[in-house]
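S.K.: Sharing protein.cif here; it has mmCIF, C-alpha atoms and all ligand atoms.
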data_entry
#
loop_
_atom_site.label_atom_id
_atom_site.label_comp_id
_atom_site.auth_asym_id
_atom_site.auth_seq_id
_atom_site.Cartn_x
_atom_site.Cartn_y
_atom_site.Cartn_z
CA MET A 1 41.92 -71.83 -24.79
CA ARG A 2 38.56 -72.83 -23.36
CA LEU A 3 35.09 -72.34 -24.72
CA PRO A 4 32.76 -70.05 -22.78
CA LYS A 5 29.72 -71.66 -21.14
CA PHE A 6 26.63 -72.18 -23.32
CA GLU A 7 23.45 -74.22 -23.49
CA TYR A 8 23.67 -77.02 -26.04
CA PHE A 9 20.96 -78.59 -28.22
CA GLU A 10 21.10 -81.48 -30.70
CA PRO A 11 17.75 -81.36 -32.54
CA ARG A 12 16.69 -84.53 -34.40
CA ASP A 13 14.93 -82.77 -37.24
CA LEU A 14 14.60 -79.38 -38.91
CA LYS A 15 11.27 -78.59 -37.22
CA GLU A 16 12.85 -78.96 -33.78
CA ALA A 17 15.94 -76.95 -34.82
CA VAL A 18 13.81 -74.10 -36.20
CA SER A 19 11.71 -74.01 -33.05
CA ILE A 20 14.78 -73.80 -30.77
CA LEU A 21 16.28 -71.05 -32.93
CA GLN A 22 13.03 -69.12 -32.90
CA ASN A 23 12.70 -69.34 -29.12
CA GLU A 24 16.37 -68.37 -28.58
CA PRO A 25 17.07 -65.44 -30.94
CA SER A 26 20.75 -65.24 -29.88
CA ALA A 27 21.37 -68.95 -30.46
CA LYS A 28 23.95 -69.93 -33.09
CA ILE A 29 23.89 -72.88 -35.45
CA LEU A 30 26.86 -75.25 -35.21
CA ALA A 31 27.87 -77.16 -38.37
CA GLY A 32 31.58 -78.10 -38.73
CA GLY A 33 32.46 -75.59 -36.01
CA THR A 34 35.72 -74.51 -37.68
CA ASP A 35 34.68 -70.85 -37.73
CA LEU A 36 32.23 -70.60 -34.82
CA LEU A 37 34.23 -72.51 -32.16
CA VAL A 38 37.42 -70.58 -32.91
CA ASN A 39 35.53 -67.28 -32.60
CA MET A 40 34.02 -68.49 -29.31
CA LYS A 41 37.42 -69.43 -27.93
CA HIS A 42 38.64 -65.91 -28.76
CA ARG A 43 35.44 -64.54 -27.13
CA VAL A 44 34.61 -62.60 -30.30
CA GLU A 45 31.29 -64.49 -30.35
CA CYS A 46 29.74 -65.77 -27.12
CA PRO A 47 26.31 -67.18 -28.00
CA PRO A 48 24.40 -68.37 -24.92
CA THR A 49 22.92 -71.26 -26.93
CA ILE A 50 24.38 -73.59 -29.56
CA VAL A 51 22.20 -75.65 -31.91
CA ASN A 52 24.18 -78.51 -33.41
CA ILE A 53 22.44 -79.44 -36.69
CA LYS A 54 24.80 -82.26 -37.66
CA GLY A 55 22.40 -84.97 -36.47
CA ILE A 56 19.65 -83.84 -38.89
CA ASP A 57 19.10 -86.19 -41.82
CA ASP A 58 19.09 -85.22 -45.49
CA LEU A 59 21.30 -82.14 -45.21
CA ASP A 60 24.38 -83.90 -46.62
CA HIS A 61 23.88 -84.65 -50.32
CA ILE A 62 24.84 -83.76 -53.86
CA LYS A 63 21.93 -84.52 -56.21
CA GLN A 64 21.14 -83.83 -59.85
CA ASP A 65 17.57 -82.70 -60.45
CA ASN A 66 16.39 -81.78 -63.99
CA GLY A 67 19.88 -80.60 -64.88
CA ALA A 68 20.26 -78.48 -61.71
CA VAL A 69 22.63 -79.54 -58.92
CA ARG A 70 21.30 -79.50 -55.33
CA ILE A 71 23.83 -79.53 -52.53
CA GLY A 72 22.86 -80.08 -48.89
CA ALA A 73 23.96 -77.53 -46.30
CA LEU A 74 26.04 -80.05 -44.33
CA THR A 75 28.01 -81.31 -47.34
CA HIS A 76 31.68 -81.13 -46.43
CA LEU A 77 33.90 -78.94 -48.60
CA LYS A 78 36.18 -81.91 -49.26
CA ARG A 79 33.29 -83.83 -50.83
CA LEU A 80 32.85 -81.05 -53.39
CA TYR A 81 36.29 -81.49 -54.89
CA MET A 82 36.16 -85.31 -54.52
CA THR A 83 32.96 -85.57 -56.60
CA PRO A 84 33.73 -86.25 -60.30
CA MET A 85 30.57 -84.47 -61.54
CA ILE A 86 31.54 -81.27 -59.66
CA LEU A 87 35.12 -81.47 -60.89
CA ASP A 88 33.91 -81.95 -64.44
CA LYS A 89 31.00 -79.47 -64.67
CA LEU A 90 31.71 -76.99 -61.86
CA SER A 91 35.47 -76.85 -61.65
CA GLY A 92 35.41 -73.35 -60.10
CA LEU A 93 33.34 -74.66 -57.17
CA ALA A 94 35.77 -77.55 -56.61
CA GLU A 95 38.67 -75.11 -56.80
CA ALA A 96 37.07 -72.75 -54.26
CA ALA A 97 36.36 -75.59 -51.80
CA ALA A 98 39.96 -76.81 -52.11
CA ALA A 99 41.22 -73.26 -51.44
CA VAL A 100 39.64 -73.07 -47.95
CA GLY A 101 42.11 -73.12 -45.03
CA SER A 102 43.73 -76.53 -44.69
CA TYR A 103 42.68 -80.11 -45.41
CA HIS A 104 41.24 -80.27 -41.88
CA HIS A 105 38.98 -77.26 -42.48
CA GLN A 106 37.81 -78.85 -45.74
CA ALA A 107 37.15 -82.22 -44.07
CA MET A 108 35.22 -80.70 -41.10
CA GLY A 109 33.84 -77.50 -42.65
CA THR A 110 30.50 -77.56 -44.44
CA LEU A 111 29.27 -75.64 -47.47
CA ALA A 112 26.62 -73.69 -45.51
CA GLY A 113 29.08 -72.97 -42.68
CA ASN A 114 31.51 -71.59 -45.23
CA ILE A 115 28.87 -69.38 -46.83
CA CYS A 116 27.55 -68.16 -43.44
CA GLN A 117 30.94 -67.53 -41.79
CA GLN A 118 31.44 -64.31 -39.83
CA ASN A 119 33.02 -61.24 -41.44
CA ARG A 120 36.60 -60.53 -40.45
CA CYS A 121 38.64 -57.55 -39.29
CA ARG A 122 42.16 -57.23 -37.92
CA PHE A 123 40.81 -55.36 -34.86
CA PHE A 124 38.15 -57.97 -34.13
CA ASN A 125 39.58 -61.43 -34.93
CA GLN A 126 42.09 -61.35 -32.11
CA SER A 127 42.30 -62.79 -28.64
CA ARG A 128 40.44 -61.04 -25.82
CA TRP A 129 43.83 -60.01 -24.36
CA TRP A 130 44.89 -58.37 -27.67
CA ARG A 131 41.59 -56.52 -27.93
CA SER A 132 41.69 -55.31 -24.33
CA SER A 133 44.23 -52.61 -25.25
CA ARG A 134 41.54 -50.61 -27.13
CA PRO A 135 37.90 -49.71 -26.55
CA ASN A 136 35.40 -52.20 -27.95
CA CYS A 137 34.42 -51.49 -31.54
CA PHE A 138 30.84 -51.59 -32.95
CA LYS A 139 31.08 -55.28 -33.82
CA ALA A 140 32.13 -56.06 -30.26
CA GLY A 141 29.28 -53.98 -28.78
CA GLY A 142 31.20 -50.68 -28.42
CA GLU A 143 30.72 -47.25 -29.95
CA ILE A 144 33.68 -46.80 -32.25
CA CYS A 145 35.19 -48.26 -35.42
CA HIS A 146 39.00 -48.49 -35.50
CA VAL A 147 39.03 -48.74 -39.30
CA VAL A 148 36.61 -46.10 -40.61
CA ASN A 149 36.42 -42.98 -38.45
CA LYS A 150 33.19 -41.06 -37.93
CA LYS A 151 31.00 -43.82 -39.39
CA GLU A 152 28.50 -45.64 -37.23
CA SER A 153 28.72 -49.02 -38.84
CA CYS A 154 31.05 -51.99 -39.15
CA TYR A 155 33.15 -52.41 -42.29
CA SER A 156 34.54 -55.88 -41.54
CA SER A 157 35.22 -57.92 -44.70
CA TYR A 158 33.53 -61.01 -45.95
CA CYS A 159 36.38 -63.47 -46.59
CA GLY A 160 34.69 -66.75 -47.54
CA ASP A 161 36.26 -68.57 -50.47
CA VAL A 162 33.19 -70.34 -51.84
CA ALA A 163 30.48 -67.64 -52.03
CA PRO A 164 31.93 -65.74 -55.04
CA THR A 165 31.82 -68.92 -57.16
CA LEU A 166 28.19 -69.48 -56.14
CA LEU A 167 27.47 -65.86 -57.12
CA VAL A 168 28.82 -66.31 -60.67
CA LEU A 169 26.89 -69.59 -60.96
CA ASN A 170 23.68 -67.64 -60.13
CA ALA A 171 23.06 -70.15 -57.34
CA LYS A 172 19.96 -70.04 -55.16
CA ILE A 173 19.75 -70.99 -51.53
CA VAL A 174 16.91 -72.64 -49.66
CA LEU A 175 16.16 -71.29 -46.18
CA THR A 176 13.97 -73.33 -43.85
CA GLY A 177 12.20 -71.36 -41.14
CA PRO A 178 9.03 -71.09 -39.07
CA LYS A 179 6.99 -70.20 -42.19
CA GLY A 180 8.38 -73.10 -44.28
CA LEU A 181 10.82 -72.88 -47.19
CA ARG A 182 12.13 -69.72 -48.83
CA GLU A 183 14.27 -69.80 -51.99
CA ILE A 184 16.39 -66.70 -52.72
CA PRO A 185 19.34 -65.79 -54.97
CA ILE A 186 22.52 -66.27 -52.94
CA GLU A 187 23.38 -62.60 -53.51
CA ASP A 188 20.37 -61.63 -51.35
CA LEU A 189 21.70 -63.56 -48.35
CA PHE A 190 24.43 -60.98 -47.73
CA SER A 191 23.40 -57.74 -46.00
CA GLY A 192 26.54 -55.66 -46.53
CA ASP A 193 26.53 -54.81 -42.81
CA GLY A 194 29.74 -56.05 -41.21
CA LYS A 195 28.10 -56.50 -37.80
CA THR A 196 25.20 -58.65 -39.03
CA PRO A 197 26.40 -59.93 -42.40
CA LEU A 198 23.46 -62.26 -43.20
CA ASN A 199 19.83 -61.50 -44.04
CA LEU A 200 18.32 -64.39 -42.08
CA ASN A 201 14.89 -64.17 -40.48
CA SER A 202 14.36 -65.44 -36.94
CA GLY A 203 14.60 -69.25 -36.80
CA GLU A 204 15.91 -69.67 -40.36
CA ILE A 205 18.50 -72.29 -41.37
CA LEU A 206 20.25 -72.50 -44.73
CA THR A 207 19.35 -76.02 -45.83
CA GLU A 208 20.25 -76.36 -49.52
CA ILE A 209 22.18 -74.69 -52.33
CA ILE A 210 20.80 -74.99 -55.88
CA ILE A 211 22.99 -74.48 -58.94
CA PRO A 212 20.88 -73.99 -62.08
CA ALA A 213 21.47 -76.16 -65.17
CA GLN A 214 22.36 -73.10 -67.27
CA ALA A 215 25.36 -72.39 -65.01
CA MET A 216 27.04 -75.56 -66.25
CA ASP A 217 27.20 -74.51 -69.94
CA ALA A 218 30.33 -72.52 -69.20
CA VAL A 219 33.85 -72.61 -67.85
CA THR A 220 34.42 -71.52 -64.25
CA SER A 221 37.44 -70.87 -62.11
CA TYR A 222 38.35 -69.52 -58.67
CA THR A 223 41.66 -67.77 -58.12
CA LYS A 224 42.82 -66.88 -54.62
CA PHE A 225 45.67 -64.72 -53.45
CA ALA A 226 46.69 -65.24 -49.82
CA ASN A 227 49.74 -64.52 -47.76
CA ARG A 228 50.55 -68.22 -47.35
CA GLU A 229 49.63 -71.10 -49.61
CA SER A 230 48.04 -73.06 -46.77
CA ILE A 231 45.71 -72.11 -43.90
CA ASP A 232 45.06 -68.56 -44.88
CA PHE A 233 42.02 -66.47 -45.67
CA PRO A 234 42.10 -64.73 -49.05
CA ILE A 235 43.58 -61.24 -49.33
CA VAL A 236 41.41 -61.23 -52.45
CA GLY A 237 39.66 -64.07 -54.30
CA THR A 238 38.10 -63.90 -57.78
CA ALA A 239 35.52 -66.24 -59.29
CA TYR A 240 35.09 -66.21 -63.03
CA TRP A 241 32.42 -67.72 -65.30
CA VAL A 242 32.60 -67.55 -69.07
CA SER A 243 30.38 -68.84 -71.84
CA ILE A 244 32.69 -68.54 -74.86
CA GLU A 245 29.88 -69.44 -77.24
CA HIS A 246 27.57 -66.65 -76.03
CA LYS A 247 30.38 -64.22 -75.13
CA GLU A 248 28.87 -63.90 -71.66
CA TYR A 249 31.04 -63.25 -68.61
CA ARG A 250 30.44 -63.20 -64.86
CA VAL A 251 32.91 -62.12 -62.19
CA ALA A 252 32.70 -62.01 -58.39
CA TYR A 253 35.12 -61.13 -55.62
CA THR A 254 35.65 -61.99 -52.00
CA ALA A 255 37.62 -60.16 -49.28
CA GLY A 256 37.29 -56.83 -51.10
CA ASP A 257 34.19 -55.54 -49.31
CA ARG A 258 31.61 -56.22 -46.61
CA LYS A 259 29.98 -58.91 -48.73
CA PRO A 260 30.96 -61.05 -51.71
CA LEU A 261 30.37 -58.91 -54.79
CA ARG A 262 29.58 -59.37 -58.46
CA GLY A 263 31.95 -57.35 -60.68
CA HIS A 264 29.15 -55.65 -62.61
CA GLN A 265 31.36 -53.04 -64.28
CA VAL A 266 33.68 -55.74 -65.65
CA GLU A 267 30.73 -57.83 -66.79
CA ILE A 268 29.08 -54.91 -68.63
CA PHE A 269 32.37 -54.14 -70.36
CA LEU A 270 33.19 -57.75 -71.34
CA ASN A 271 29.75 -59.09 -72.34
CA GLY A 272 29.46 -59.56 -76.11
CA LYS A 273 33.19 -59.09 -76.67
CA ASP A 274 35.88 -61.57 -77.71
CA LEU A 275 38.53 -62.17 -75.08
CA ASN A 276 41.96 -61.02 -76.16
CA GLY A 277 44.94 -59.30 -74.53
CA GLU A 278 43.40 -55.85 -75.03
CA THR A 279 39.93 -56.62 -73.60
CA ILE A 280 41.42 -58.48 -70.64
CA ASN A 281 43.74 -55.55 -69.86
CA GLU A 282 40.84 -53.06 -69.96
CA ALA A 283 38.66 -55.36 -67.84
CA SER A 284 41.41 -55.76 -65.28
CA ASP A 285 41.61 -51.94 -64.93
CA LEU A 286 37.86 -51.90 -64.20
CA ALA A 287 38.03 -54.83 -61.80
CA ALA A 288 38.45 -52.85 -58.61
CA LYS A 289 35.72 -50.30 -59.28
CA ASP A 290 32.88 -52.45 -57.96
CA ALA A 291 34.44 -52.97 -54.52
CA LYS A 292 35.27 -50.60 -51.70
CA PRO A 293 38.03 -52.24 -49.69
CA VAL A 294 38.99 -50.57 -46.39
CA LYS A 295 41.87 -51.39 -44.09
CA THR A 296 40.33 -54.34 -42.28
CA SER A 297 43.50 -56.39 -42.81
CA VAL A 298 47.16 -55.44 -42.90
CA TYR A 299 46.91 -54.96 -46.68
CA SER A 300 46.09 -51.52 -48.03
CA PRO A 301 42.93 -50.91 -50.08
CA ALA A 302 45.16 -49.84 -53.04
CA TYR A 303 47.01 -53.17 -52.89
CA LYS A 304 43.72 -55.08 -52.82
CA ARG A 305 42.40 -53.14 -55.83
CA ARG A 306 45.57 -53.90 -57.77
CA LEU A 307 45.27 -57.59 -56.86
CA MET A 308 41.67 -57.67 -58.08
CA GLY A 309 42.85 -56.61 -61.54
CA LEU A 310 45.72 -59.10 -61.57
CA LEU A 311 43.53 -61.98 -60.39
CA LEU A 312 41.00 -61.19 -63.10
CA LYS A 313 43.74 -61.51 -65.73
CA GLU A 314 44.87 -64.81 -64.23
CA ALA A 315 41.30 -66.13 -64.00
CA ALA A 316 40.60 -65.15 -67.63
CA SER A 317 43.65 -66.94 -68.98
CA LYS A 318 42.99 -69.98 -66.76
CA SER A 319 39.44 -70.21 -68.11
CA MET A 320 40.63 -69.84 -71.72
CA ARG A 321 43.05 -72.73 -71.19
CA ARG A 322 40.23 -74.82 -69.70
CA ALA A 323 37.85 -73.94 -72.54
CA THR A 324 40.32 -75.05 -75.20
CA SER A 325 41.67 -78.18 -73.44
C1 LIG B 401 42.82 -71.05 -39.18
C2 LIG B 401 41.58 -70.91 -40.03
C3 LIG B 401 41.71 -70.71 -41.40
C4 LIG B 401 40.59 -70.59 -42.19
N1 LIG B 401 40.76 -70.37 -43.53
C5 LIG B 401 39.67 -70.17 -44.31
C6 LIG B 401 39.85 -69.89 -45.70
O1 LIG B 401 40.95 -69.85 -46.24
N2 LIG B 401 38.73 -69.67 -46.44
C7 LIG B 401 37.48 -69.71 -45.90
O2 LIG B 401 36.50 -69.51 -46.64
N3 LIG B 401 37.29 -69.98 -44.59
C8 LIG B 401 38.34 -70.22 -43.78
N4 LIG B 401 38.17 -70.48 -42.44
C9 LIG B 401 36.82 -70.43 -41.84
C10 LIG B 401 36.11 -71.80 -41.73
O3 LIG B 401 36.99 -72.81 -41.39
C11 LIG B 401 35.42 -72.19 -43.04
O4 LIG B 401 34.72 -71.10 -43.55
C12 LIG B 401 34.46 -73.38 -42.90
O5 LIG B 401 33.98 -73.75 -44.16
C13 LIG B 401 33.26 -73.05 -42.00
O6 LIG B 401 32.36 -74.15 -42.07
P1 LIG B 401 31.85 -74.85 -40.74
O7 LIG B 401 30.87 -75.90 -41.16
O8 LIG B 401 32.97 -75.30 -39.90
O9 LIG B 401 31.08 -73.63 -40.07
P2 LIG B 401 30.69 -73.35 -38.53
O10 LIG B 401 31.89 -72.86 -37.80
O11 LIG B 401 29.94 -74.48 -37.93
O12 LIG B 401 29.68 -72.14 -38.76
C14 LIG B 401 30.12 -70.91 -39.32
C15 LIG B 401 28.98 -69.88 -39.21
O13 LIG B 401 27.91 -70.25 -40.06
C16 LIG B 401 26.70 -70.43 -39.32
N5 LIG B 401 26.03 -71.59 -39.93
C17 LIG B 401 26.56 -72.83 -40.11
N6 LIG B 401 25.68 -73.61 -40.78
C18 LIG B 401 24.60 -72.83 -41.03
C19 LIG B 401 23.35 -73.09 -41.69
N7 LIG B 401 23.07 -74.28 -42.23
N8 LIG B 401 22.46 -72.08 -41.77
C20 LIG B 401 22.74 -70.85 -41.23
N9 LIG B 401 23.90 -70.57 -40.60
C21 LIG B 401 24.82 -71.54 -40.50
C22 LIG B 401 27.14 -70.68 -37.89
O14 LIG B 401 26.16 -70.29 -36.96
C23 LIG B 401 28.38 -69.81 -37.82
O15 LIG B 401 28.04 -68.47 -37.56
C24 LIG B 401 39.29 -70.66 -41.61
C25 LIG B 401 39.16 -70.87 -40.22
C26 LIG B 401 40.28 -70.99 -39.44
C27 LIG B 401 40.12 -71.22 -37.97
S1 LIG B 402 35.45 -52.62 -39.15
FE1 LIG B 402 35.37 -51.35 -37.29
S2 LIG B 402 33.54 -52.02 -36.16
FE2 LIG B 402 33.99 -53.56 -37.71
S3 LIG B 402 35.21 -55.11 -36.67
FE3 LIG B 402 36.65 -53.68 -37.60
S4 LIG B 402 37.06 -52.15 -36.04
FE4 LIG B 402 35.24 -53.29 -35.42
#
As structure tokens, please, write out the structure in this file.
Ligand SMILES: Cc1cc2nc3c(=O)[nH]c(=O)nc-3n(C[C@H](O)[C@H](O)[C@H](O)COP(=O)(O)OP(=O)(O)OC[C@H]3O[C@@H](n4cnc5c(N)ncnc54)[C@H](O)[C@@H]3O)c2cc1C
Ligand code: SF4

M.R.:
Amino acid sequence: MRLPKFEYFEPRDLKEAVSILQNEPSAKILAGGTDLLVNMKHRVECPPTIVNIKGIDDLDHIKQDNGAVRIGALTHLKRLYMTPMILDKLSGLAEAAAAVGSYHHQAMGTLAGNICQQNRCRFFNQSRWWRSSRPNCFKAGGEICHVVNKKESCYSSYCGDVAPTLLVLNAKIVLTGPKGLREIPIEDLFSGDGKTPLNLNSGEILTEIIIPAQAMDAVTSYTKFANRESIDFPIVGTAYWVSIEHKEYRVAYTAGDRKPLRGHQVEIFLNGKDLNGETINEASDLAAKDAKPVKTSVYSPAYKRRLMGLLLKEAASKSMRRATS
């Protein structure tokens, strides 16, 4: 499969990259390329301009700063689970990075590329030949959705493995754009619109991820359920954060909706309570109520909801084991 034709830029610094992106609103950023180039080969994304940011200095780092951890956008996923400090203090983040695709995706794929990956749908992530048997859907520029009838928007699912863990860590992201730096909670990056899943202003690049010091006073885990154990997107993934001492709990899901979601109903129910068989069972019944899965994959919404409950149980017992080991 060949790539379509495009104009290619290799900016030397962020200023140059921002200026190219601002002048070419349909340009796409290239990091590891493991999501973007595959989509381009399938002609599901055909940007006329590619801006390769890999030559820009200071975007590949893991630093500690007043207790917070700052991770550069171009940090490879593999480096996250190879770094002893991340393994020790942020085991859920290491687990999520190690759950992505295959070793090759982890070695090439970057943290920002993983966060900013395109939403997925079984009617969209197919070859051009496969898609040619139906009219184009909204995401492909058409006027129909093959999943949700009579709705004029795209319901494709966010399927990234790492974002839910960053959500439970209350991570912030730094965006560099024409007006300088902007720091926002990672939750605010995701629009909930399957066609344009990210809230990025013109010319903006995600440059750094900041994990606050407070996030590290807890036990974290990421639990993924996929069809195959290797090279597969999650059917559902659950990130879990628990401070046993303060009886505080945070939960987030991926692949259950148009964006990664915090499990607010579960959190409200669990906060302040001791974890035992009964509370975990009740929480797992609530787990699916925050998400609205639709049939964007071959798995039914009911199956996904059931999995969300089961994964929450597994994540809770995994975290308890970690807390007491
Ligand atoms: C067979 C296969 C299996 C996969 N399995 C998984 C999986 O299990 N879990 C999973 O999470 N992912 C999976 N992926 C998707 C992908 O490999 C990973 O998400 C990877 O981490 C993407 O990172 P990248 O650096 O290669 O991103 P790229 O492909 O370079 O970019 C991805 C998107 O992010 C944008 N982008 C990149 N960097 C920035 C930035 N700094 N600021 C703003 N936008 C940016 C790009 O424009 C592009 O739209 C899979 C892909 C394939 C082909
Ligand atoms: S949810 Fe609908 S509009 Fe979105 S990609 Fe799937 S078929 Fe297309």

S.K.: Identify which of the residues A:Gly33, A:Pro4, A:Gly67, A:Gly92 lies closest to ligand LIG 401 (chain B), counting all atoms listed in the file when measuring atom-to-atom distances.

M.R.: A:Gly33

S.K.: Where does chain A meet ligand LIG 402 (chain B) within 7 Å, residue by residue, with the nearest atom pair and distance in Å to one decimal for each, counting only C-alpha atoms and all ligand atoms, listed by chain and rising number, as CSV?

M.R.:
residue,atom,partner,partner_atom,distance
A:Arg120,CA,B:LIG402,S3,6.8
A:Cys121,CA,B:LIG402,FE3,4.7
A:Arg122,CA,B:LIG402,FE3,6.6
A:Phe123,CA,B:LIG402,S4,5.1
A:Phe124,CA,B:LIG402,S3,4.8
A:Cys137,CA,B:LIG402,FE4,4.4
A:Phe138,CA,B:LIG402,S2,4.2
A:Lys139,CA,B:LIG402,S2,4.7
A:Ala140,CA,B:LIG402,FE4,6.6
A:Ile144,CA,B:LIG402,S2,6.5
A:Cys145,CA,B:LIG402,FE1,3.6
A:His146,CA,B:LIG402,S4,4.2
A:Val147,CA,B:LIG402,FE1,4.9
A:Val148,CA,B:LIG402,FE1,6.3
A:Ser153,CA,B:LIG402,S2,6.3
A:Cys154,CA,B:LIG402,FE2,3.6
A:Tyr155,CA,B:LIG402,S1,3.9
A:Ser156,CA,B:LIG402,S1,4.1
A:Gly194,CA,B:LIG402,FE2,6.0
A:Lys195,CA,B:LIG402,FE2,6.6
A:Thr296,CA,B:LIG402,FE3,6.0

S.K.: Ranking A:Ala94, A:Val298, A:Ala218, A:Val100 by minimum distance to ligand LIG 401 (chain B) and counting only C-alpha atoms and all ligand atoms, which one comes first?

M.R.: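 For ligand LIG 401 (chain B), the nearest of the given residues is A:Val100.
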
S.K.: Taking 6 positions as the minimum chain separation for residues in the same chain, which residues sit within 8 Å of stretch 271-280 of chain A when counting only C-alpha atoms? Answer as JSON, numbers by chain.

M.R.: {"A": [246, 247, 248, 249, 313, 316]}

S.K.: Please return as a ChimeraX atom specification the residues found within 6 Å of ligand LIG 401 (chain B), counting only C-alpha atoms and all ligand atoms.

M.R.: /A:28-36,38,73,100-101,105,108-110,112-114,116-118,160-161,205-207,231-234

S.K.: Residues near A:Lys224, anyone? I mean within 7 Å using all atoms listed in the file, not counting same-chain ones fewer than 6 positions away, as a VMD selection string.

M.R.: chain A and resid 234 236 to 238

S.K.: Identify which of the residues A:Glu143, A:Glu204, A:Glu282, A:Glu45 lies closest to A:Pro25, counting only C-alpha atoms when measuring atom-to-atom distances.

M.R.: A:Glu204

S.K.: So how far away is atom CA of A:Thr254 from atom CA of A:Lys89, in Å?

M.R.: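 These two atoms are separated by 22.1 Å.
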
S.K.: Which residue gives the smallest distance to A:Arg70 among A:Gly142, A:Leu189, A:Ala213, A:Arg134, with only C-alpha atoms counted?

M.R.: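 Of A:Gly142, A:Leu189, A:Ala213, A:Arg134, the one nearest A:Arg70 is A:Ala213, counting only C-alpha atoms.
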
S.K.: Can you tell me, as a PyMOL selection string, what residues are no more than 12 Å from A:Asp257 when counting all atoms listed in the file, ignoring any on the same chain fewer than 5 positions away?

M.R.: chain A and resi 119-121+154-160+164+190-194+197+235-237+252+262-263+288-297+301+304-305+308

S.K.: Hey, can you check how far atom CA of A:Gly203 sits from atom CA of A:Pro178?

M.R.: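 One can read the atom CA of A:Gly203 to atom CA of A:Pro178 distance as 6.3 Å.
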
S.K.: Between A:Pro260, A:Asp285, A:Ile209, A:Val168, which has the minimum distance to A:Ile184 (counting all atoms listed in the file)?

M.R.: A:Ile209

S.K.: To one decimal place in Å, what is the distance between atom CA of A:Ile186 and atom CA of A:Glu229?

M.R.: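 Atom-to-atom, atom CA of A:Ile186 to atom CA of A:Glu229, that is 27.7 Å.
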
S.K.: Which of these residues is nearest to A:Ala255, using all atoms listed in the file: A:Ala226, A:Lys172, A:Tyr103, A:Leu14?

M.R.: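 Closest candidate: A:Ala226.
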
S.K.: Around (22.2, -77.3, -28.3) in the file's own coordinates, what residues are found within 12 Å if you use only C-alpha atoms, given back as a PyMOL selection string?

M.R.: chain A and resi 5-12+16-21+24+27-31+47-55

S.K.: In the coordinate frame of the file, compute which residues have an atom within 8 Å of (20.8, -74.6, -54.6) when using only C-alpha atoms, and state them as a list in words.

M.R.: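 The requested residues, written out, are Val69, Arg70, Ile71, Ala171, Lys172, Ile173, Val174, Glu208, Ile209, Ile210, Ile211 and Pro212 of chain A.
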